[in-house]
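A.B. asks: You'll find structure.pdb just under this line, and it carries PDB, C-alpha atoms and all ligand atoms.
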```
ATOM      1  CA  MET I   1     -25.975  16.226  27.987  1.00  0.00           C
ATOM      2  CA  THR I   2     -22.787  14.964  26.453  1.00  0.00           C
ATOM      3  CA  VAL I   3     -22.353  14.126  22.851  1.00  0.00           C
ATOM      4  CA  GLU I   4     -19.589  11.746  22.026  1.00  0.00           C
ATOM      5  CA  THR I   5     -18.044  12.227  18.666  1.00  0.00           C
ATOM      6  CA  GLU I   6     -16.101   9.375  17.262  1.00  0.00           C
ATOM      7  CA  LYS I   7     -13.204  10.221  15.036  1.00  0.00           C
ATOM      8  CA  PRO I   8     -13.494   8.812  11.553  1.00  0.00           C
ATOM      9  CA  LYS I   9     -11.376   5.743  10.911  1.00  0.00           C
ATOM     10  CA  VAL I  10      -9.189   5.119   7.921  1.00  0.00           C
ATOM     11  CA  PRO I  11      -7.324   1.995   6.843  1.00  0.00           C
ATOM     12  CA  LYS I  12      -3.580   1.914   7.445  1.00  0.00           C
ATOM     13  CA  LEU I  13      -1.155  -0.695   6.176  1.00  0.00           C
ATOM     14  CA  ASP I  14       0.399  -2.601   9.091  1.00  0.00           C
ATOM     15  CA  LEU I  15       3.917  -3.003   7.783  1.00  0.00           C
ATOM     16  CA  LYS I  16       4.720  -5.918  10.122  1.00  0.00           C
ATOM     17  CA  LYS I  17       1.671  -7.846   8.928  1.00  0.00           C
ATOM     18  CA  PHE I  18       2.492  -6.984   5.319  1.00  0.00           C
ATOM     19  CA  GLN I  19       6.108  -8.150   5.684  1.00  0.00           C
ATOM     20  CA  ALA I  20       4.897 -11.382   7.326  1.00  0.00           C
ATOM     21  CA  ALA I  21       2.455 -11.963   4.448  1.00  0.00           C
ATOM     22  CA  LEU I  22       5.220 -11.397   1.902  1.00  0.00           C
ATOM     23  CA  ASN I  23       7.490 -13.786   3.795  1.00  0.00           C
ATOM     24  CA  GLU I  24       4.719 -16.390   3.914  1.00  0.00           C
ATOM     25  CA  LYS I  25       4.469 -16.194   0.120  1.00  0.00           C
ATOM     26  CA  SER I  26       8.283 -16.454  -0.206  1.00  0.00           C
ATOM     27  CA  VAL I  27       8.461 -13.059  -1.922  1.00  0.00           C
ATOM     28  CA  ARG I  28      12.092 -12.071  -2.469  1.00  0.00           C
ATOM     29  CA  ASP I  29      13.044  -8.639  -1.188  1.00  0.00           C
ATOM     30  CA  THR I  30      16.017  -8.024  -3.469  1.00  0.00           C
ATOM     31  CA  CYS I  31      15.574  -5.040  -5.767  1.00  0.00           C
ATOM     32  CA  PRO I  32      15.725  -6.304  -9.384  1.00  0.00           C
ATOM     33  CA  MET I  33      17.484  -3.094 -10.475  1.00  0.00           C
ATOM     34  CA  CYS I  34      20.261  -2.563  -7.919  1.00  0.00           C
ATOM     35  CA  GLY I  35      20.362  -5.705  -5.752  1.00  0.00           C
ATOM     36  CA  THR I  36      19.811  -3.977  -2.409  1.00  0.00           C
ATOM     37  CA  ASN I  37      16.935  -4.910  -0.108  1.00  0.00           C
ATOM     38  CA  LYS I  38      15.844  -1.720   1.619  1.00  0.00           C
ATOM     39  CA  TRP I  39      12.295  -0.744   0.699  1.00  0.00           C
ATOM     40  CA  THR I  40      10.112   2.067   1.897  1.00  0.00           C
ATOM     41  CA  TYR I  41       6.352   2.379   1.838  1.00  0.00           C
ATOM     42  CA  PRO I  42       5.574   5.961   0.801  1.00  0.00           C
ATOM     43  CA  GLY I  43       2.076   5.854   2.246  1.00  0.00           C
ATOM     44  CA  ALA I  44       0.410   8.448   4.436  1.00  0.00           C
ATOM     45  CA  PRO I  45      -2.795   8.718   6.462  1.00  0.00           C
ATOM     46  CA  LYS I  46      -5.751   8.318   4.117  1.00  0.00           C
ATOM     47  CA  ILE I  47      -3.451   7.114   1.329  1.00  0.00           C
ATOM     48  CA  VAL I  48      -3.061   3.366   1.456  1.00  0.00           C
ATOM     49  CA  GLY I  49      -1.974   2.655  -2.073  1.00  0.00           C
ATOM     50  CA  LEU I  50      -2.244   3.604  -5.690  1.00  0.00           C
ATOM     51  CA  SER I  51      -4.851   2.804  -8.290  1.00  0.00           C
ATOM     52  CA  LEU I  52      -3.656   1.755 -11.708  1.00  0.00           C
ATOM     53  CA  PRO I  53      -6.053   3.107 -14.332  1.00  0.00           C
ATOM     54  CA  HIS I  54      -7.594   0.691 -16.782  1.00  0.00           C
ATOM     55  CA  GLY I  55      -7.362   1.613 -20.445  1.00  0.00           C
ATOM     56  CA  ASP I  56      -8.832   0.479 -23.712  1.00  0.00           C
ATOM     57  CA  ILE I  57      -7.049  -0.169 -26.978  1.00  0.00           C
ATOM     58  CA  ASP I  58      -7.481   3.467 -28.072  1.00  0.00           C
ATOM     59  CA  GLY I  59      -5.736   4.765 -24.962  1.00  0.00           C
ATOM     60  CA  GLU I  60      -8.900   5.856 -23.183  1.00  0.00           C
ATOM     61  CA  LEU I  61      -8.239   5.624 -19.448  1.00  0.00           C
ATOM     62  CA  TYR I  62     -10.678   4.734 -16.721  1.00  0.00           C
ATOM     63  CA  MET I  63      -9.468   6.008 -13.388  1.00  0.00           C
ATOM     64  CA  SER I  64     -11.204   3.380 -11.274  1.00  0.00           C
ATOM     65  CA  GLY I  65      -8.484   0.822 -11.769  1.00  0.00           C
ATOM     66  CA  MET I  66      -6.770  -1.894  -9.776  1.00  0.00           C
ATOM     67  CA  PRO I  67      -5.713  -0.855  -6.254  1.00  0.00           C
ATOM     68  CA  VAL I  68      -2.098  -1.669  -5.448  1.00  0.00           C
ATOM     69  CA  ILE I  69       0.392  -1.337  -2.607  1.00  0.00           C
ATOM     70  CA  HIS I  70       3.525   0.413  -3.778  1.00  0.00           C
ATOM     71  CA  LEU I  71       7.014   0.014  -2.360  1.00  0.00           C
ATOM     72  CA  MET I  72      10.059   2.025  -3.370  1.00  0.00           C
ATOM     73  CA  CYS I  73      13.700   0.919  -3.280  1.00  0.00           C
ATOM     74  CA  GLN I  74      15.538   3.324  -0.980  1.00  0.00           C
ATOM     75  CA  ASN I  75      18.704   3.029  -3.087  1.00  0.00           C
ATOM     76  CA  CYS I  76      17.618   3.424  -6.718  1.00  0.00           C
ATOM     77  CA  GLY I  77      13.959   4.423  -6.495  1.00  0.00           C
ATOM     78  CA  PHE I  78      12.623   1.389  -8.347  1.00  0.00           C
ATOM     79  CA  MET I  79       8.908   0.960  -7.603  1.00  0.00           C
ATOM     80  CA  ARG I  80       7.256  -2.393  -7.113  1.00  0.00           C
ATOM     81  CA  LEU I  81       3.539  -3.081  -6.890  1.00  0.00           C
ATOM     82  CA  HIS I  82       1.459  -5.735  -5.121  1.00  0.00           C
ATOM     83  CA  ALA I  83      -2.265  -6.188  -5.727  1.00  0.00           C
ATOM     84  CA  LEU I  84      -3.926  -4.720  -2.638  1.00  0.00           C
ATOM     85  CA  GLY I  85      -6.724  -7.275  -2.703  1.00  0.00           C
ATOM     86  CA  LEU I  86      -4.329 -10.062  -1.732  1.00  0.00           C
ATOM     87  CA  TYR I  87      -3.257  -8.181   1.415  1.00  0.00           C
ATOM     88  CA  ARG I  88      -6.517  -6.831   2.843  1.00  0.00           C
ATOM     89  CA  ASP I  89      -5.810  -8.618   6.131  1.00  0.00           C
ATOM     90  CA  CYS I  90      -2.691  -6.444   6.520  1.00  0.00           C
ATOM     91  CA  PHE I  91      -4.712  -3.266   7.071  1.00  0.00           C
ATOM     92  CA  VAL I  92      -5.813  -1.916  10.437  1.00  0.00           C
ATOM     93  CA  GLU I  93      -8.278   0.865  11.230  1.00  0.00           C
ATOM     94  CA  VAL I  94      -6.768   4.038  12.705  1.00  0.00           C
ATOM     95  CA  ASP I  95      -7.958   7.567  13.407  1.00  0.00           C
ATOM     96  CA  ALA I  96      -7.968   9.811  10.358  1.00  0.00           C
ATOM     97  CA  ASP I  97      -4.884  11.568  11.734  1.00  0.00           C
ATOM     98  CA  GLY I  98      -2.930   8.325  11.465  1.00  0.00           C
ATOM     99  CA  ASN I  99      -2.886   7.333  15.145  1.00  0.00           C
ATOM    100  CA  ASP I 100      -3.644   3.754  16.098  1.00  0.00           C
TER     101      ASP I 100
HETATM  102 ZN    ZN F   1      16.987  -0.601  -6.164  1.00  0.00          ZN
END
```
Kindly present the structure from the file in structure tokens form.

C.D. replies:
Amino acid sequence: MTVETEKPKVPKLDLKKFQAALNEKSVRDTCPMCGTNKWTYPGAPKIVGLSLPHGDIDGELYMSGMPVIHLMCQNCGFMRLHALGLYRDCFVEVDADGND
């Protein structure tokens, strides 16, 4: 008897699809701080983005906030955020170890 075990899948941002989606929306890629245009996506397997906490007027934070895709300028470190929900089609399923 053989038992097949399927590796768990995790979402991974397909950077080519993401860049195409940004281009389609005419998003400029110039860093507003330093004027260069080299961005990096500091993601990793199992980590597809950040979650911005929601807060109330008294400063109470709720950690289940808005999911975002974060990009970092390779020159000055400026971080930019895009709402993940607008780019769901840019994710692919990969093995948990990050392989396609
Ligand atoms: Zn910059």

A.B. asks: Could you check which of I:Gly85, I:Pro67, I:Gly77, I:Pro11 is closest to ligand ZN 1 (chain F), using all atoms listed in the file?

C.D. replies: I:Gly77

A.B. asks: Within 6 Å of (19.9, 0.5, -11.0), all atoms listed in the file: residues as a count of residues only?

C.D. replies: 3

A.B. asks: For Glu6 (chain I), which of I:Asn23, I:Ala96, I:Asp29, I:Thr36 is the closest residue, counting only C-alpha atoms?

C.D. replies: I:Ala96

A.B. asks: Residues of chain I that have any atom at most 12 Å from an atom of ligand ZN 1 (chain F): could you tabulate them with the shortest-distance atom pair and the distance in Å to one decimal, using all atoms listed in the file, ordered by chain and increasing number, as a Markdown table?

C.D. replies:
```
| residue | atom | partner | partner_atom | distance |
| --- | --- | --- | --- | --- |
| I:Asp29 | CA | F:ZN1 | ZN | 10.2 |
| I:Thr30 | CA | F:ZN1 | ZN | 8.0 |
| I:Cys31 | CA | F:ZN1 | ZN | 4.7 |
| I:Pro32 | CA | F:ZN1 | ZN | 6.7 |
| I:Met33 | CA | F:ZN1 | ZN | 5.0 |
| I:Cys34 | CA | F:ZN1 | ZN | 4.2 |
| I:Gly35 | CA | F:ZN1 | ZN | 6.1 |
| I:Thr36 | CA | F:ZN1 | ZN | 5.8 |
| I:Asn37 | CA | F:ZN1 | ZN | 7.4 |
| I:Lys38 | CA | F:ZN1 | ZN | 7.9 |
| I:Trp39 | CA | F:ZN1 | ZN | 8.3 |
| I:Thr40 | CA | F:ZN1 | ZN | 10.9 |
| I:Leu71 | CA | F:ZN1 | ZN | 10.7 |
| I:Met72 | CA | F:ZN1 | ZN | 7.9 |
| I:Cys73 | CA | F:ZN1 | ZN | 4.6 |
| I:Gln74 | CA | F:ZN1 | ZN | 6.7 |
| I:Asn75 | CA | F:ZN1 | ZN | 5.1 |
| I:Cys76 | CA | F:ZN1 | ZN | 4.1 |
| I:Gly77 | CA | F:ZN1 | ZN | 5.9 |
| I:Phe78 | CA | F:ZN1 | ZN | 5.3 |
| I:Met79 | CA | F:ZN1 | ZN | 8.4 |
| I:Arg80 | CA | F:ZN1 | ZN | 9.9 |
```

A.B. asks: Name every residue that the PyMOL selection byres (((chain I and resi 21) around 12) and not hetatm) selects in this structure, writing the answer as number ranges by chain with chains first and numbers rising.

C.D. replies: I: 13-20, 22-28, 82, 84, 86-91

A.B. asks: Quick one: distance from CA of Val94 (chain I) to CA of Leu81 (chain I) in Å, one decimal?

C.D. replies: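 Atom-to-atom, CA of Val94 (chain I) and CA of Leu81 (chain I) are spaced 23.3 Å apart.
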
A.B. asks: Could you jot down the CA of Ala83 (chain I) to CA of His70 (chain I) separation for me, Å, one decimal place?

C.D. replies: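 Separating CA of Ala83 (chain I) from CA of His70 (chain I) is a distance of 9.0 Å.
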
A.B. asks: Just to confirm, what's the straight-line distance from CA of Tyr41 (chain I) to CA of His54 (chain I) in Å (one decimal)?

C.D. replies: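 Interatomic distance, CA of Tyr41 (chain I) to CA of His54 (chain I): 23.3 Å.
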
A.B. asks: Specify the axis-aligned box that encloses all atoms of region 83-99 of chain I listed in the file after padding of 8 Å on each side, stating its centre and edge lengths in Å to one decimal as JSON.

C.D. replies:
```
{"center_x": -5.3, "center_y": 0.8, "center_z": 4.7, "size_x": 22.0, "size_y": 37.6, "size_z": 36.9}
```

A.B. asks: Run the PyMOL selection byres (((chain I and resi 50) around 6) and not hetatm) mentally over the shown coordinates, then write out the matched residues as a list of chain:residue names, using the chain letters and numbers from the document.

C.D. replies: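 Output of the PyMOL selection byres (((chain I and resi 50) around 6) and not hetatm): I:Gly49, I:Ser51, I:Pro67, I:Val68.
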
A.B. asks: Hey, can you spit out that residue selection with C-alpha atoms as a compact mmCIF listing (two decimals), keeping the file's coordinate frame?

C.D. replies:
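So the final result, stored in result_5.txt, reads:
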```
# COMPACT_ATOMS: atom_id res chain seq x y z
CA GLY I 49 -1.97 2.66 -2.07
CA SER I 51 -4.85 2.80 -8.29
CA PRO I 67 -5.71 -0.86 -6.25
CA VAL I 68 -2.10 -1.67 -5.45
```

A.B. asks: What would region 14-40 of chain I look like with N, CA and C atoms restored, written as a tab-separated table (two decimals), in the coordinates of the input?

C.D. replies:
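In the end it all went to part.tsv:
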```
chain	number	residue	atom	x	y	z
I	14	ASP	N	-0.46	-2.16	7.99
I	14	ASP	CA	0.40	-2.60	9.09
I	14	ASP	C	1.62	-3.26	8.45
I	15	LEU	N	2.74	-2.55	8.51
I	15	LEU	CA	3.92	-3.00	7.78
I	15	LEU	C	4.44	-4.34	8.29
I	16	LYS	N	4.28	-4.62	9.59
I	16	LYS	CA	4.72	-5.92	10.12
I	16	LYS	C	3.87	-7.05	9.56
I	17	LYS	N	2.56	-6.83	9.51
I	17	LYS	CA	1.67	-7.85	8.93
I	17	LYS	C	1.97	-8.03	7.44
I	18	PHE	N	2.21	-6.91	6.76
I	18	PHE	CA	2.49	-6.98	5.32
I	18	PHE	C	3.79	-7.75	5.07
I	19	GLN	N	4.84	-7.44	5.85
I	19	GLN	CA	6.11	-8.15	5.68
I	19	GLN	C	5.93	-9.64	5.97
I	20	ALA	N	5.15	-9.97	7.01
I	20	ALA	CA	4.90	-11.38	7.33
I	20	ALA	C	4.16	-12.08	6.18
I	21	ALA	N	3.19	-11.38	5.58
I	21	ALA	CA	2.46	-11.96	4.45
I	21	ALA	C	3.37	-12.17	3.25
I	22	LEU	N	4.26	-11.23	3.01
I	22	LEU	CA	5.22	-11.40	1.90
I	22	LEU	C	6.15	-12.57	2.18
I	23	ASN	N	6.61	-12.68	3.42
I	23	ASN	CA	7.49	-13.79	3.80
I	23	ASN	C	6.78	-15.13	3.62
I	24	GLU	N	5.51	-15.16	4.02
I	24	GLU	CA	4.72	-16.39	3.91
I	24	GLU	C	4.60	-16.84	2.47
I	25	LYS	N	4.58	-15.88	1.54
I	25	LYS	CA	4.47	-16.19	0.12
I	25	LYS	C	5.85	-16.35	-0.53
I	26	SER	N	6.90	-16.32	0.28
I	26	SER	CA	8.28	-16.45	-0.21
I	26	SER	C	8.64	-15.38	-1.25
I	27	VAL	N	8.13	-14.17	-1.03
I	27	VAL	CA	8.46	-13.06	-1.92
I	27	VAL	C	9.88	-12.60	-1.62
I	28	ARG	N	10.71	-12.53	-2.65
I	28	ARG	CA	12.09	-12.07	-2.47
I	28	ARG	C	12.09	-10.56	-2.26
I	29	ASP	N	13.01	-10.08	-1.44
I	29	ASP	CA	13.04	-8.64	-1.19
I	29	ASP	C	14.25	-7.96	-1.81
I	30	THR	N	14.89	-8.62	-2.77
I	30	THR	CA	16.02	-8.02	-3.47
I	30	THR	C	15.51	-7.16	-4.62
I	31	CYS	N	15.97	-5.93	-4.69
I	31	CYS	CA	15.57	-5.04	-5.77
I	31	CYS	C	16.11	-5.58	-7.09
I	32	PRO	N	15.25	-5.76	-8.11
I	32	PRO	CA	15.72	-6.30	-9.38
I	32	PRO	C	16.62	-5.34	-10.16
I	33	MET	N	16.67	-4.08	-9.77
I	33	MET	CA	17.48	-3.09	-10.48
I	33	MET	C	18.87	-2.94	-9.88
I	34	CYS	N	18.97	-2.88	-8.54
I	34	CYS	CA	20.26	-2.56	-7.92
I	34	CYS	C	20.75	-3.63	-6.94
I	35	GLY	N	19.92	-4.61	-6.60
I	35	GLY	CA	20.36	-5.70	-5.75
I	35	GLY	C	20.32	-5.44	-4.26
I	36	THR	N	19.92	-4.23	-3.85
I	36	THR	CA	19.81	-3.98	-2.41
I	36	THR	C	18.45	-4.49	-1.93
I	37	ASN	N	18.21	-4.41	-0.62
I	37	ASN	CA	16.93	-4.91	-0.11
I	37	ASN	C	16.32	-3.97	0.92
I	38	LYS	N	16.46	-2.69	0.71
I	38	LYS	CA	15.84	-1.72	1.62
I	38	LYS	C	14.71	-1.01	0.89
I	39	TRP	N	13.49	-1.29	1.34
I	39	TRP	CA	12.30	-0.74	0.70
I	39	TRP	C	11.59	0.20	1.65
I	40	THR	N	10.93	1.17	1.10
I	40	THR	CA	10.11	2.07	1.90
I	40	THR	C	8.70	2.08	1.34
```
